[in-house]
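Novice: Got a structure for you, questions after.
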Amino acid sequence: MSSKRSKNPALPVLDDAFRLASVKDAEESTRDLAARLATTELRRVSHPGRITWEPTDQAEPVPVPPTVVDGDGDLWLRDRGAGTWTMPEFNPKEFPARCGEVLTWNQLACEFGPLTALADDRRIGGGRRR
């Protein structure tokens, strides 16, 4: 995915992290994870009022936020009844097919994290606070 689609331009995205020396210097096999973890930290520092979950945070937060922004800045909505996540702006011409699927929190966090609560409200979910 690409940050050029980001609807949250002030929120750091993966493309920002890939420019960091620490990510560039990481082994190629670990560079993606290094960028995702760096994006997590960039978001926590730049937006301390929002909760950001790492791509490795597999436990669904309680309470669950109704919306999150993924590592590229794209919005995902939670279906309260099913407890699953969908991308409302999915367009097969712009996004990988996986973005059009219904995902669990674990799948969303692992494949598209970090995830950041849309609202500036530390009471949402049980994300780590650093």
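Just remember, in the structure tokens the first chain shown is A, the second B, etc., residues are 1-based per chain, and ligands are 1-based in the order shown.
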What lies within 12 Å of A:Pro66 using only C-alpha atoms, ignoring chain neighbours under 5 positions off, as a PyMOL selection string?
Specialist: chain A and resi 60-61+75-81+83-86+105+116-119+124-125
Novice: Since we have the selection now, will you write its residues out, keeping C-alpha atoms, as a PDB file, in the first residue's frame?
Specialist:
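Result file selection-v8.pdb:
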```pdb
ATOM      1  CA  GLU A  60      -7.876  -7.187  20.613  1.00  0.00           C
ATOM      2  CA  PRO A  61      -8.100  -4.124  22.880  1.00  0.00           C
ATOM      3  CA  LEU A  75      -9.154   3.812   7.526  1.00  0.00           C
ATOM      4  CA  TRP A  76     -10.637   0.525   8.783  1.00  0.00           C
ATOM      5  CA  LEU A  77     -14.060   0.149  10.437  1.00  0.00           C
ATOM      6  CA  ARG A  78     -15.137  -2.486  12.931  1.00  0.00           C
ATOM      7  CA  ASP A  79     -18.395  -4.374  12.503  1.00  0.00           C
ATOM      8  CA  ARG A  80     -19.629  -4.496  16.101  1.00  0.00           C
ATOM      9  CA  GLY A  81     -21.886  -7.473  15.503  1.00  0.00           C
ATOM     10  CA  GLY A  83     -16.201  -8.194  15.528  1.00  0.00           C
ATOM     11  CA  THR A  84     -14.410  -7.972  12.176  1.00  0.00           C
ATOM     12  CA  TRP A  85     -12.753  -5.148  10.255  1.00  0.00           C
ATOM     13  CA  THR A  86     -13.284  -3.785   6.743  1.00  0.00           C
ATOM     14  CA  TRP A 105      -8.058  -7.849  14.652  1.00  0.00           C
ATOM     15  CA  THR A 116      -3.832   3.837  15.476  1.00  0.00           C
ATOM     16  CA  ALA A 117      -7.126   4.882  17.035  1.00  0.00           C
ATOM     17  CA  LEU A 118      -8.745   7.555  14.928  1.00  0.00           C
ATOM     18  CA  ALA A 119      -9.762   9.647  17.922  1.00  0.00           C
ATOM     19  CA  ILE A 124     -10.069   3.822  23.972  1.00  0.00           C
ATOM     20  CA  GLY A 125      -8.729   0.298  24.081  1.00  0.00           C
TER      21      GLY A 125
END
```
Novice: Among the residues of chain A, find those DSSP assigns to strand (DSSP E) from the backbone and print them as a ChimeraX atom specification.
Specialist: /A:52-53,67-69,75-79,84-86,115-117
Novice: Produce a file of the selected residues containing all heavy atoms, as a short mmCIF file (atom, residue, chain, number, x, y, z; two decimals), in the first residue's frame.
Specialist:
```cif
data_model
loop_
_atom_site.label_atom_id
_atom_site.label_comp_id
_atom_site.auth_asym_id
_atom_site.auth_seq_id
_atom_site.Cartn_x
_atom_site.Cartn_y
_atom_site.Cartn_z
N THR A 52 -1.66 3.76 19.72
CA THR A 52 -1.14 3.04 18.56
C THR A 52 -0.71 1.66 19.02
O THR A 52 0.04 1.52 19.98
CB THR A 52 0.05 3.80 17.93
OG1 THR A 52 -0.43 5.05 17.41
CG2 THR A 52 0.67 3.00 16.80
N TRP A 53 -1.21 0.65 18.30
CA TRP A 53 -0.87 -0.74 18.58
C TRP A 53 0.18 -1.19 17.58
O TRP A 53 0.07 -0.92 16.39
CB TRP A 53 -2.11 -1.63 18.48
CG TRP A 53 -3.15 -1.31 19.49
CD1 TRP A 53 -3.27 -1.86 20.75
CD2 TRP A 53 -4.24 -0.39 19.37
NE1 TRP A 53 -4.36 -1.32 21.39
CE2 TRP A 53 -4.98 -0.42 20.57
CE3 TRP A 53 -4.67 0.47 18.36
CZ2 TRP A 53 -6.10 0.37 20.78
CZ3 TRP A 53 -5.79 1.26 18.57
CH2 TRP A 53 -6.49 1.20 19.77
N THR A 67 -12.91 2.59 14.96
CA THR A 67 -12.15 2.84 13.74
C THR A 67 -10.67 2.87 14.08
O THR A 67 -10.28 3.26 15.18
CB THR A 67 -12.53 4.19 13.11
OG1 THR A 67 -12.33 5.22 14.07
CG2 THR A 67 -13.97 4.21 12.63
N VAL A 68 -9.85 2.46 13.12
CA VAL A 68 -8.40 2.57 13.25
C VAL A 68 -7.83 2.98 11.89
O VAL A 68 -8.45 2.81 10.85
CB VAL A 68 -7.72 1.27 13.72
CG1 VAL A 68 -8.11 0.92 15.15
CG2 VAL A 68 -7.98 0.11 12.77
N VAL A 69 -6.62 3.51 11.96
CA VAL A 69 -5.87 3.87 10.77
C VAL A 69 -4.68 2.91 10.69
O VAL A 69 -3.98 2.71 11.67
CB VAL A 69 -5.39 5.34 10.86
CG1 VAL A 69 -4.54 5.70 9.67
CG2 VAL A 69 -6.58 6.27 10.98
N LEU A 75 -8.14 4.01 6.50
CA LEU A 75 -9.15 3.81 7.53
C LEU A 75 -9.76 2.41 7.46
O LEU A 75 -10.06 1.90 6.38
CB LEU A 75 -10.27 4.84 7.34
CG LEU A 75 -11.43 4.80 8.32
CD1 LEU A 75 -10.96 5.23 9.71
CD2 LEU A 75 -12.56 5.70 7.84
N TRP A 76 -9.95 1.81 8.64
CA TRP A 76 -10.64 0.52 8.78
C TRP A 76 -11.75 0.69 9.82
O TRP A 76 -11.57 1.36 10.83
CB TRP A 76 -9.67 -0.55 9.26
CG TRP A 76 -8.66 -0.93 8.22
CD1 TRP A 76 -7.53 -0.24 7.89
CD2 TRP A 76 -8.70 -2.08 7.37
NE1 TRP A 76 -6.86 -0.89 6.89
CE2 TRP A 76 -7.55 -2.02 6.55
CE3 TRP A 76 -9.58 -3.14 7.23
CZ2 TRP A 76 -7.27 -3.00 5.61
CZ3 TRP A 76 -9.29 -4.12 6.29
CH2 TRP A 76 -8.15 -4.03 5.48
N LEU A 77 -12.90 0.09 9.54
CA LEU A 77 -14.06 0.15 10.44
C LEU A 77 -14.35 -1.23 11.02
O LEU A 77 -14.24 -2.24 10.32
CB LEU A 77 -15.30 0.63 9.69
CG LEU A 77 -15.22 2.00 9.01
CD1 LEU A 77 -16.50 2.27 8.24
CD2 LEU A 77 -14.96 3.09 10.02
N ARG A 78 -14.79 -1.23 12.27
CA ARG A 78 -15.14 -2.49 12.93
C ARG A 78 -16.64 -2.73 12.84
O ARG A 78 -17.45 -1.83 13.10
CB ARG A 78 -14.73 -2.44 14.40
CG ARG A 78 -14.98 -3.77 15.12
CD ARG A 78 -14.36 -3.73 16.50
NE ARG A 78 -14.42 -5.02 17.14
CZ ARG A 78 -15.41 -5.42 17.94
NH1 ARG A 78 -16.42 -4.62 18.21
NH2 ARG A 78 -15.39 -6.62 18.48
N ASP A 79 -17.01 -3.94 12.48
CA ASP A 79 -18.39 -4.37 12.50
C ASP A 79 -18.64 -4.88 13.91
O ASP A 79 -18.14 -5.94 14.30
CB ASP A 79 -18.62 -5.48 11.47
CG ASP A 79 -20.04 -6.01 11.46
OD1 ASP A 79 -20.70 -6.03 12.54
OD2 ASP A 79 -20.49 -6.42 10.39
N THR A 84 -15.40 -7.94 13.25
CA THR A 84 -14.41 -7.97 12.18
C THR A 84 -14.18 -6.57 11.64
O THR A 84 -14.90 -5.63 11.97
CB THR A 84 -14.88 -8.89 11.04
OG1 THR A 84 -16.18 -8.47 10.61
CG2 THR A 84 -14.92 -10.35 11.50
N TRP A 85 -13.19 -6.44 10.77
CA TRP A 85 -12.75 -5.15 10.25
C TRP A 85 -12.82 -5.12 8.73
O TRP A 85 -12.47 -6.10 8.08
CB TRP A 85 -11.31 -4.88 10.69
CG TRP A 85 -11.20 -4.73 12.17
CD1 TRP A 85 -11.06 -5.73 13.10
CD2 TRP A 85 -11.26 -3.53 12.91
NE1 TRP A 85 -11.02 -5.20 14.36
CE2 TRP A 85 -11.12 -3.85 14.28
CE3 TRP A 85 -11.38 -2.18 12.56
CZ2 TRP A 85 -11.13 -2.89 15.28
CZ3 TRP A 85 -11.39 -1.23 13.55
CH2 TRP A 85 -11.27 -1.58 14.90
N THR A 86 -13.25 -3.97 8.19
CA THR A 86 -13.28 -3.78 6.74
C THR A 86 -12.76 -2.39 6.40
O THR A 86 -12.81 -1.47 7.21
CB THR A 86 -14.71 -3.91 6.18
OG1 THR A 86 -15.56 -2.97 6.84
CG2 THR A 86 -15.26 -5.32 6.35
N LEU A 115 -1.58 -0.05 14.01
CA LEU A 115 -2.93 0.47 13.98
C LEU A 115 -3.04 1.59 15.00
O LEU A 115 -2.55 1.46 16.12
CB LEU A 115 -3.94 -0.63 14.31
CG LEU A 115 -3.87 -1.88 13.43
CD1 LEU A 115 -4.85 -2.92 13.92
CD2 LEU A 115 -4.12 -1.53 11.97
N THR A 116 -3.69 2.67 14.60
CA THR A 116 -3.83 3.84 15.48
C THR A 116 -5.30 4.20 15.59
O THR A 116 -6.01 4.26 14.57
CB THR A 116 -3.03 5.03 14.92
OG1 THR A 116 -1.66 4.65 14.81
CG2 THR A 116 -3.14 6.25 15.81
N ALA A 117 -5.75 4.45 16.82
CA ALA A 117 -7.13 4.88 17.04
C ALA A 117 -7.33 6.20 16.30
O ALA A 117 -6.45 7.08 16.30
CB ALA A 117 -7.41 5.05 18.52
#
```
Novice: Please list as a ChimeraX atom specification every residue within 12 Å of A:Glu111, counting only C-alpha atoms and excluding residues in the same chain fewer than 3 positions away.
Specialist: /A:1,32-33,36,54-58,70-72,96,98-99,103-108,114-115
Novice: Need to verify the contact set: stretch 8-21 of chain A, 9 Å, only C-alpha atoms, exclusion of same-chain residues closer than 3 positions in sequence. Can you return it as a list in words?
Specialist: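 Close residues of stretch 8-21 of chain A: Ser2, Ser3, Lys4, Arg5, Lys24, Asp25, Ala26, Arg31, Asp32, Ala34, Ala35, Arg36, Leu37, Ala38, Thr39, Thr40, Leu42, Arg43, Ser46, His47, Val69, Asp70, Gly71, Asp72, Gly73, Asp74 and Pro114 of chain A.
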Novice: Put those residues in a file: C-alpha atoms, as a CSV table (one decimal), in the first residue's frame.
Specialist:
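After the write, again.csv holds the following:
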```csv
chain,number,residue,atom,x,y,z
A,2,SER,CA,1.1,3.6,-0.4
A,3,SER,CA,0.9,6.6,1.9
A,4,LYS,CA,-0.1,8.8,-1.0
A,5,ARG,CA,-3.7,7.6,-0.3
A,24,LYS,CA,17.5,1.4,5.7
A,25,ASP,CA,20.3,-0.3,7.7
A,26,ALA,CA,18.2,-3.2,8.8
A,31,ARG,CA,13.2,-4.2,7.0
A,32,ASP,CA,9.4,-4.4,6.7
A,34,ALA,CA,11.6,-2.6,11.3
A,35,ALA,CA,9.6,0.0,9.4
A,36,ARG,CA,6.3,-1.0,11.1
A,37,LEU,CA,7.9,-0.8,14.5
A,38,ALA,CA,9.5,2.6,13.7
A,39,THR,CA,6.1,3.9,12.4
A,40,THR,CA,4.6,2.8,15.7
A,42,LEU,CA,6.8,7.9,15.3
A,43,ARG,CA,3.1,7.9,15.9
A,46,SER,CA,3.9,12.7,17.3
A,47,HIS,CA,0.4,11.9,18.5
A,69,VAL,CA,-5.9,3.9,10.8
A,70,ASP,CA,-3.4,1.3,9.4
A,71,GLY,CA,0.3,1.8,8.7
A,72,ASP,CA,-0.4,3.5,5.4
A,73,GLY,CA,-2.9,5.9,6.9
A,74,ASP,CA,-5.9,4.0,5.5
A,114,PRO,CA,0.6,-0.5,13.2
```
Novice: Please, which residues of stretch 1-50 of chain A, numbered as in this document, come out helix (DSSP H, G or I) from DSSP, as a ChimeraX atom specification?
Specialist: /A:3-5,14-18,21-24,28-46
Novice: What does the distance between atom CA of A:Val102 and atom CA of A:Glu89 come to in Å, to one decimal place?
Specialist: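 Answer for the atom CA of A:Val102 to atom CA of A:Glu89 separation: 13.1 Å.
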